[in-house]
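Everything on this sheet refers to the single structure shown next.
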Amino acid sequence: MKISVVGTGYVGLVSGTCFAETGVTVTCVDIDKEKINKLNNGIIPIYEPGLEPLVQKNRQKGTLFFTTSIAESIKDAEVVFIAVGTPPDEDGSADLQYVLGVAREIGHYMDHYLVVVNKSTVPVGTGQKVKKVIQEELDKRGVSIPFDVVSNPEFLKEGNAVEDFLRPDRIVIGTENPEAEKIMRRLYKPFILNNHPIIFMDITSAELTKYAANAMLATRISFMNEIAQLCERVGADVNMVRKGIGSDPRIGNKFLYAGVGYGGSCFPKDVKALIKTSKDFDYEFKILKSVEEVNERQKEYIAHKVIQHFNGDLTGKKIALWGLSFKPSTDDMREAPSLTIIKLLKEKGAHISAYDPVAMNECKRKIGNTIEYTNNLYEAVTGADAVVLVTEWNDFRIPDFAKMKQLMRQYVIFDGRNIYEPEEVREAGFVYYGIGRK
Ligand code: NAD
């Protein structure tokens with residue numbers, strides 16, 4: 001079986017590589033020539049644990065190829081995945097220009113039956129739009145070639161993407177055609193040996209499922225951040241409350257962590273896009289509007305704590321940041337709370353020294369040398385007046401407090417992820433601030 005995956009980013013590269021792992025011949029396509037050159041030279045353009053050896057193995061096996069040509073990639077393919085970005089447009093809706101651009105090219109070059117799969121996160125109705133664009137191109141060419149459009153949203157998590165793709169909780173496929181369903185079932189069979197389901201449904205429901213999943217997860221985070229705010233006011237500890245509610249199986253203990261707010265390439269834009277879709281269909285999605293508002297406030301919250309601690313003026317203060325990526329195990333800086341924190345602290349005159357195990361290059365690409373980048377967590381705190389734990393990388397879990405005391409100018413820890421025990425930190429001689437803790 002041959003397939004093409006268009007868009008070789010976090011989703012496309014992981015999906016393509018994992019399909020190649022099952023023996024399918026996969027050609028990954030990207031318009032970014034530099035990215036494709038790198039991949040053809042064995043260089044992986046993103047940080048994703050476990051991905052590099054799989055890419056190398058499948059390149060050597062002859063099941064994984066990289067090109068900039070959609071035409072070449074779909075020549076003998078049965079399936080073409082669209083896995084390009086869908087960033088937010090000015091009005092919050094998902095910008096479909098990349099998805100529809102790829103659809104147009106597919107229609108321009110295809111010469112046999114193809115299953116065209118939307119793997120990008122796309123709003124309700126995009127399946128129909130993709131179908132229309134492909135048909136328009138075929139009509140322009142004056143040819144009649146059958147094709148099906150399928151929705152197959154992706155649920156992988158950056159940082160655990162390979163594992164998530166190889167052993168998914170579920171696979172959601174929206175299709176209206178039994179032939180396409182058969183092909184998709186064959187393609188995904190190796191991934192459901194754990195008996196987790198492939199859930200077939202109509203295209204609209206599949207498109208909405210992806211947004212509903214991310215909106216639900218974002219809601220849990222904002223909910224816990226509000227509980228944390230209340231905890232601080234009434235003198236409760238959000239970690240205790242989390243444990244207390246998380247052991248109820250109806251609630252479950254995942255995604256109940258208070259912190260510096262959600263970021264990343266998905267939650268912020270998908271929450272926005274679902275609010276916009278609702279509006280387009282004359283519905284006001286009130287909960288989600290609040291989820292977004294709460295998150296914006298929360299992203300600023302720890303910076304406000306720092307500013308308040310230093311009486312509103314950070315001139316001459318050096319603040320160390322531990323962690324820059326929006327979550328651990330990724331170099332993704334899209335919508336990372338660290339960017340908001342950096343901006344607010346710098347506005348008050350702070351000098352920022354940062355350390356992140358993998359995201360510093362990506363951060364540099366985004367904000368240049370406006371902050372100081374250091375080689376390790378201790379170099380970051382040297383001469384610092386405070387340290388802010390932003391991303392809970394394992395590297396930061398058990399720091400040597402005694403060493404930090406020798407290096408820092410003042411002893412203050414702002415724990416944006418509640419990973420430290422306040423008592424332990426205080427006993428070590430530091431002032432401790434968490435989120436929603438006594
Ligand atoms: P990304 O930005 O990492 O990758 C997208 C790639 O598509 C880029 O390399 C870009 O150069 C390429 N591209 C754009 N236009 C193209 C074209 N015309 N032809 C060929 N390539 C083109 O994005 P991503 O994080 O992989 O996300 C892709 C989609 O998957 C988005 O809709 C996203 O919401 C969704 N998604 C992402 C994640 C995640 O964790 N990143 C998880 C699930 C779903």
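Here's how to read the names in the structure tokens: chain A, B, ... by the order shown, residue numbers from 1 in each chain, ligand numbers from 1 in the order shown.
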| task | Enumerate residues in contact with ligand 1: an atom-to-atom distance of at most 6 Å, counting only C-alpha atoms and all ligand atoms. Format the result as a list in words. | result |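 The residues within 6 Å of ligand 1, counting only C-alpha atoms and all ligand atoms, are Val6, Gly7, Thr8, Gly9, Tyr10, Val11, Gly12, Val29, Asp30, Ile31, Asp32, Ala83, Val84, Gly85, Thr86, Tyr98, Gly101, Val102, Ser120, Thr121, Glu154, Phe155, Leu156, Lys157, Glu158, Ser265 and Cys266 of chain A.
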Export of prior selection with N, CA, C and O atoms as a short mmCIF file (atom, residue, chain, number, x, y, z; two decimals), in the first residue's frame:
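Produced file again_26.cif, reproduced below:
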data_model
loop_
_atom_site.label_atom_id
_atom_site.label_comp_id
_atom_site.auth_asym_id
_atom_site.auth_seq_id
_atom_site.Cartn_x
_atom_site.Cartn_y
_atom_site.Cartn_z
N VAL A 6 0.66 14.97 3.31
CA VAL A 6 1.04 16.34 2.93
C VAL A 6 1.04 17.24 4.17
O VAL A 6 0.03 17.37 4.86
N GLY A 7 2.20 17.85 4.41
CA GLY A 7 2.42 18.61 5.66
C GLY A 7 3.28 17.73 6.55
O GLY A 7 2.81 16.71 7.05
N THR A 8 4.56 18.10 6.70
CA THR A 8 5.48 17.25 7.46
C THR A 8 5.88 17.95 8.75
O THR A 8 7.06 18.16 9.02
N GLY A 9 4.87 18.35 9.53
CA GLY A 9 5.12 18.98 10.82
C GLY A 9 4.98 17.95 11.93
O GLY A 9 5.22 16.75 11.72
N TYR A 10 4.58 18.38 13.10
CA TYR A 10 4.44 17.48 14.25
C TYR A 10 3.51 16.32 13.92
O TYR A 10 3.79 15.16 14.20
N VAL A 11 2.39 16.63 13.29
CA VAL A 11 1.41 15.58 13.00
C VAL A 11 1.80 14.75 11.78
O VAL A 11 1.81 13.53 11.82
N GLY A 12 2.14 15.45 10.68
CA GLY A 12 2.44 14.73 9.44
C GLY A 12 3.65 13.83 9.55
O GLY A 12 3.63 12.68 9.11
N VAL A 29 5.23 15.02 2.29
CA VAL A 29 5.42 16.20 1.44
C VAL A 29 5.41 17.46 2.31
O VAL A 29 4.63 17.54 3.26
N ASP A 30 6.26 18.42 1.94
CA ASP A 30 6.16 19.73 2.59
C ASP A 30 6.59 20.81 1.60
O ASP A 30 7.43 20.55 0.74
N ILE A 31 6.00 22.00 1.74
CA ILE A 31 6.45 23.09 0.86
C ILE A 31 7.76 23.69 1.36
O ILE A 31 8.41 24.42 0.63
N ASP A 32 8.09 23.41 2.59
CA ASP A 32 9.30 23.95 3.18
C ASP A 32 10.50 23.12 2.69
O ASP A 32 10.78 22.03 3.19
N ALA A 83 -2.22 17.12 6.30
CA ALA A 83 -1.81 17.35 7.70
C ALA A 83 -1.10 18.69 7.84
O ALA A 83 -0.12 18.81 8.56
N VAL A 84 -1.58 19.68 7.11
CA VAL A 84 -0.96 21.01 7.18
C VAL A 84 -1.58 21.81 8.33
O VAL A 84 -2.59 21.41 8.91
N GLY A 85 -0.99 22.94 8.62
CA GLY A 85 -1.46 23.74 9.74
C GLY A 85 -2.80 24.42 9.47
O GLY A 85 -3.17 24.67 8.31
N THR A 86 -3.53 24.69 10.54
CA THR A 86 -4.80 25.43 10.45
C THR A 86 -4.78 26.52 11.53
O THR A 86 -5.54 26.47 12.49
N TYR A 98 -4.29 26.69 3.77
CA TYR A 98 -3.29 25.64 3.48
C TYR A 98 -3.98 24.33 3.12
O TYR A 98 -3.60 23.64 2.18
N GLY A 101 -5.53 24.77 -0.27
CA GLY A 101 -4.45 24.84 -1.27
C GLY A 101 -3.97 23.44 -1.63
O GLY A 101 -3.75 23.11 -2.80
N VAL A 102 -3.82 22.60 -0.62
CA VAL A 102 -3.39 21.21 -0.88
C VAL A 102 -4.48 20.47 -1.65
O VAL A 102 -4.20 19.74 -2.61
N SER A 120 -5.67 17.32 9.45
CA SER A 120 -5.58 18.62 10.13
C SER A 120 -6.86 18.82 10.93
O SER A 120 -7.90 18.26 10.60
N THR A 121 -6.76 19.61 12.00
CA THR A 121 -7.95 19.95 12.77
C THR A 121 -8.73 21.01 12.00
O THR A 121 -8.25 22.13 11.83
N GLU A 154 -6.67 13.98 14.44
CA GLU A 154 -5.54 13.37 15.14
C GLU A 154 -5.55 13.79 16.61
O GLU A 154 -5.74 14.95 16.92
N PHE A 155 -5.31 12.82 17.49
CA PHE A 155 -5.36 13.11 18.93
C PHE A 155 -4.00 12.97 19.62
O PHE A 155 -3.93 12.98 20.84
N LEU A 156 -2.93 12.82 18.83
CA LEU A 156 -1.62 12.64 19.47
C LEU A 156 -1.24 13.87 20.31
O LEU A 156 -1.70 14.97 20.04
N LYS A 157 -0.40 13.60 21.33
CA LYS A 157 0.08 14.70 22.18
C LYS A 157 1.56 14.93 21.87
O LYS A 157 2.32 13.96 21.87
N GLU A 158 1.93 16.17 21.63
CA GLU A 158 3.35 16.44 21.45
C GLU A 158 4.08 15.99 22.71
O GLU A 158 3.58 16.13 23.81
N SER A 265 0.07 24.61 20.31
CA SER A 265 -0.44 24.88 18.96
C SER A 265 -1.90 24.51 18.83
O SER A 265 -2.52 24.83 17.82
N CYS A 266 -2.47 23.84 19.83
CA CYS A 266 -3.83 23.32 19.63
C CYS A 266 -4.90 23.97 20.50
O CYS A 266 -5.85 24.53 19.97
#
| task | Using only C-alpha atoms, determine which residues lie at most 10 Å from stretch 404-420 of chain A, disregarding the query and same-chain residues fewer than 4 positions distant; provide the list as a PyMOL selection string. | result | chain A and resi 238-239+257-261+299+301-303+305-306+309+317-322+377-392+396-400+424-426+428-437
| request: Taking the DSSP assignment computed from this structure's backbone, write out as a ChimeraX atom specification all residues of stretch 34-146 of chain A that belong to alpha helix (DSSP H). | output: /A:34-40,51-61,70-74,97-109,126-141
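Taking atom CA of A:Pro328 as the reference point, atom CA of A:Gly159 is found at 7.0 Å.
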| said: When you look at stretch 174-183 of chain A with a cut-off of 9 Å (counting only C-alpha atoms), what residues show up, excluding the ones that are within fewer than 2 positions of it in the same chain? I need them as a list in words. | reply: Glu78, Val79, Leu114, Val115, Phe147, Asp148, Val149, Val150, Ser151, Asn152, Pro153, Val172, Arg185, Arg186, Leu187, Tyr188, Ile199, Phe200, Met201, Asp202, Ile203, Thr204, Ser205, Ala206 and Glu207 of chain A
Can you list, as a PDB file with N, CA and C atoms, in the first residue's frame, every protein, DNA or RNA residue that comes within 7 Å of A:Pro87 when you count only C-alpha atoms, leaving out same-chain residues fewer than 6 positions away?
ATOM      1  N   ALA A  94     -10.585  28.899  12.011  1.00  0.00           N
ATOM      2  CA  ALA A  94      -9.391  28.208  11.515  1.00  0.00           C
ATOM      3  C   ALA A  94      -9.124  28.685  10.085  1.00  0.00           C
ATOM      4  N   ASP A  95      -7.884  29.070   9.833  1.00  0.00           N
ATOM      5  CA  ASP A  95      -7.501  29.522   8.501  1.00  0.00           C
ATOM      6  C   ASP A  95      -7.309  28.281   7.614  1.00  0.00           C
ATOM      7  N   LYS A 269      -5.970  27.747  19.792  1.00  0.00           N
ATOM      8  CA  LYS A 269      -6.610  28.000  18.487  1.00  0.00           C
ATOM      9  C   LYS A 269      -7.896  27.185  18.337  1.00  0.00           C
TER      10      LYS A 269
END
| With distances taken over only C-alpha atoms, which of A:Asn375, A:Asn361, A:Thr25, A:Gln298 is nearest to A:Ile341? |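 Selected residue with least distance to A:Ile341: A:Gln298.
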| Looking only at the backbone, which of the residues in stretch 190-397 of chain A does DSSP tag as strand (DSSP E), as a ChimeraX atom specification? | /A:198-201,318-322,351-355,372-373,386-389
Give me a file of those residues, with N, CA, C and O atoms, as a PDB file, in the first residue's frame.
ATOM      1  N   ILE A 198     -11.746   1.671  16.516  1.00  0.00           N
ATOM      2  CA  ILE A 198     -11.873   2.666  15.444  1.00  0.00           C
ATOM      3  C   ILE A 198     -13.346   3.049  15.487  1.00  0.00           C
ATOM      4  O   ILE A 198     -14.225   2.186  15.411  1.00  0.00           O
ATOM      5  N   ILE A 199     -13.602   4.313  15.654  1.00  0.00           N
ATOM      6  CA  ILE A 199     -14.995   4.757  15.745  1.00  0.00           C
ATOM      7  C   ILE A 199     -15.362   5.421  14.414  1.00  0.00           C
ATOM      8  O   ILE A 199     -14.826   6.487  14.085  1.00  0.00           O
ATOM      9  N   PHE A 200     -16.221   4.742  13.672  1.00  0.00           N
ATOM     10  CA  PHE A 200     -16.659   5.323  12.405  1.00  0.00           C
ATOM     11  C   PHE A 200     -17.896   6.174  12.646  1.00  0.00           C
ATOM     12  O   PHE A 200     -18.750   5.829  13.474  1.00  0.00           O
ATOM     13  N   MET A 201     -17.972   7.270  11.944  1.00  0.00           N
ATOM     14  CA  MET A 201     -19.123   8.184  12.087  1.00  0.00           C
ATOM     15  C   MET A 201     -19.233   9.033  10.833  1.00  0.00           C
ATOM     16  O   MET A 201     -18.426   8.878   9.906  1.00  0.00           O
ATOM     17  N   LYS A 318      17.181  40.370  38.421  1.00  0.00           N
ATOM     18  CA  LYS A 318      17.397  39.276  37.476  1.00  0.00           C
ATOM     19  C   LYS A 318      16.444  38.141  37.851  1.00  0.00           C
ATOM     20  O   LYS A 318      16.483  37.649  38.988  1.00  0.00           O
ATOM     21  N   ILE A 319      15.583  37.779  36.911  1.00  0.00           N
ATOM     22  CA  ILE A 319      14.615  36.716  37.186  1.00  0.00           C
ATOM     23  C   ILE A 319      14.959  35.516  36.293  1.00  0.00           C
ATOM     24  O   ILE A 319      15.052  35.652  35.060  1.00  0.00           O
ATOM     25  N   ALA A 320      15.160  34.365  36.930  1.00  0.00           N
ATOM     26  CA  ALA A 320      15.475  33.157  36.164  1.00  0.00           C
ATOM     27  C   ALA A 320      14.180  32.441  35.782  1.00  0.00           C
ATOM     28  O   ALA A 320      13.265  32.338  36.602  1.00  0.00           O
ATOM     29  N   LEU A 321      14.117  31.970  34.531  1.00  0.00           N
ATOM     30  CA  LEU A 321      12.953  31.161  34.109  1.00  0.00           C
ATOM     31  C   LEU A 321      13.432  29.747  33.862  1.00  0.00           C
ATOM     32  O   LEU A 321      14.370  29.529  33.098  1.00  0.00           O
ATOM     33  N   TRP A 322      12.771  28.800  34.499  1.00  0.00           N
ATOM     34  CA  TRP A 322      13.059  27.395  34.219  1.00  0.00           C
ATOM     35  C   TRP A 322      11.942  26.864  33.318  1.00  0.00           C
ATOM     36  O   TRP A 322      10.787  26.750  33.736  1.00  0.00           O
ATOM     37  N   HIS A 351      15.660  41.659  34.049  1.00  0.00           N
ATOM     38  CA  HIS A 351      16.565  40.952  33.157  1.00  0.00           C
ATOM     39  C   HIS A 351      16.204  39.470  33.290  1.00  0.00           C
ATOM     40  O   HIS A 351      16.123  38.954  34.403  1.00  0.00           O
ATOM     41  N   ILE A 352      15.963  38.792  32.173  1.00  0.00           N
ATOM     42  CA  ILE A 352      15.518  37.389  32.250  1.00  0.00           C
ATOM     43  C   ILE A 352      16.653  36.473  31.826  1.00  0.00           C
ATOM     44  O   ILE A 352      17.223  36.631  30.735  1.00  0.00           O
ATOM     45  N   SER A 353      16.954  35.501  32.677  1.00  0.00           N
ATOM     46  CA  SER A 353      17.909  34.459  32.271  1.00  0.00           C
ATOM     47  C   SER A 353      17.144  33.145  32.258  1.00  0.00           C
ATOM     48  O   SER A 353      16.503  32.784  33.243  1.00  0.00           O
ATOM     49  N   ALA A 354      17.186  32.471  31.112  1.00  0.00           N
ATOM     50  CA  ALA A 354      16.320  31.301  30.964  1.00  0.00           C
ATOM     51  C   ALA A 354      17.107  30.044  30.656  1.00  0.00           C
ATOM     52  O   ALA A 354      18.199  30.091  30.079  1.00  0.00           O
ATOM     53  N   TYR A 355      16.514  28.934  31.062  1.00  0.00           N
ATOM     54  CA  TYR A 355      17.051  27.638  30.638  1.00  0.00           C
ATOM     55  C   TYR A 355      15.902  26.699  30.306  1.00  0.00           C
ATOM     56  O   TYR A 355      14.925  26.613  31.055  1.00  0.00           O
ATOM     57  N   GLU A 372      18.369  36.336  28.225  1.00  0.00           N
ATOM     58  CA  GLU A 372      19.651  35.627  28.261  1.00  0.00           C
ATOM     59  C   GLU A 372      19.383  34.117  28.292  1.00  0.00           C
ATOM     60  O   GLU A 372      18.556  33.656  29.077  1.00  0.00           O
ATOM     61  N   TYR A 373      20.064  33.381  27.413  1.00  0.00           N
ATOM     62  CA  TYR A 373      19.900  31.920  27.381  1.00  0.00           C
ATOM     63  C   TYR A 373      21.098  31.304  28.088  1.00  0.00           C
ATOM     64  O   TYR A 373      22.234  31.713  27.848  1.00  0.00           O
ATOM     65  N   ALA A 386      15.137  35.832  41.813  1.00  0.00           N
ATOM     66  CA  ALA A 386      14.032  34.877  41.961  1.00  0.00           C
ATOM     67  C   ALA A 386      14.090  33.894  40.799  1.00  0.00           C
ATOM     68  O   ALA A 386      14.686  34.190  39.759  1.00  0.00           O
ATOM     69  N   VAL A 387      13.479  32.739  41.005  1.00  0.00           N
ATOM     70  CA  VAL A 387      13.364  31.787  39.894  1.00  0.00           C
ATOM     71  C   VAL A 387      11.889  31.455  39.701  1.00  0.00           C
ATOM     72  O   VAL A 387      11.157  31.274  40.678  1.00  0.00           O
ATOM     73  N   VAL A 388      11.475  31.402  38.421  1.00  0.00           N
ATOM     74  CA  VAL A 388      10.086  31.051  38.106  1.00  0.00           C
ATOM     75  C   VAL A 388      10.098  29.726  37.361  1.00  0.00           C
ATOM     76  O   VAL A 388      10.678  29.613  36.270  1.00  0.00           O
ATOM     77  N   LEU A 389       9.491  28.708  37.952  1.00  0.00           N
ATOM     78  CA  LEU A 389       9.369  27.414  37.271  1.00  0.00           C
ATOM     79  C   LEU A 389       8.163  27.517  36.347  1.00  0.00           C
ATOM     80  O   LEU A 389       7.030  27.655  36.808  1.00  0.00           O
TER      81      LEU A 389
END
Report the closest atom pair, with its distance in Å rounded to one decimal, for each residue of stretch 82-171 of chain A that has an atom no farther than 10 Å from stretch 53-70 of chain A; count only C-alpha atoms, sort by chain and then rising residue number, and write it as JSON lines.
{"residue": "A:Val102", "atom": "CA", "partner": "A:Ile70", "partner_atom": "CA", "distance": 8.1}
{"residue": "A:Glu105", "atom": "CA", "partner": "A:Ile70", "partner_atom": "CA", "distance": 7.1}
{"residue": "A:Ile106", "atom": "CA", "partner": "A:Ile70", "partner_atom": "CA", "distance": 7.1}
{"residue": "A:His108", "atom": "CA", "partner": "A:Ile70", "partner_atom": "CA", "distance": 9.9}
{"residue": "A:Tyr109", "atom": "CA", "partner": "A:Ile70", "partner_atom": "CA", "distance": 8.0}
{"residue": "A:Met110", "atom": "CA", "partner": "A:Ile70", "partner_atom": "CA", "distance": 9.5}
{"residue": "A:Val162", "atom": "CA", "partner": "A:Leu54", "partner_atom": "CA", "distance": 9.1}
| task | Please provide the set of residues having any atom within 9 Å of A:Asn253, restricted to only C-alpha atoms, with same-chain residues fewer than 6 positions apart removed, written as number ranges by chain. | result | A: 242-243, 245-247
| With distances taken over only C-alpha atoms, which of A:Leu339, A:Val5, A:Ala20, A:Ala350 is nearest to A:Cys363? |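 Closest to A:Cys363, using only C-alpha atoms: A:Leu339.
Separating atom CA of A:Met224 from atom CA of A:Tyr283 is a distance of 25.5 Å.
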| Distance criterion (only C-alpha atoms): nearest to A:Glu136 out of A:Ala161, A:Ala218, A:Ile342, A:Leu100 |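 Once distances to A:Glu136 are computed over only C-alpha atoms, the minimum belongs to A:Leu100.
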| request: Would you please work out which residue, of A:Asp164, A:Glu34, A:Glu137, A:Glu48, is nearest to A:Ala103 when using only C-alpha atoms? | output: A:Glu137
| request: Pick out the residues sitting within 8 Å of A:Val358, and hand them over as a list in words; count only C-alpha atoms, and ignore anything fewer than 5 positions along from it in its own chain. | output: Tyr47, Thr330 and Asp331 of chain A
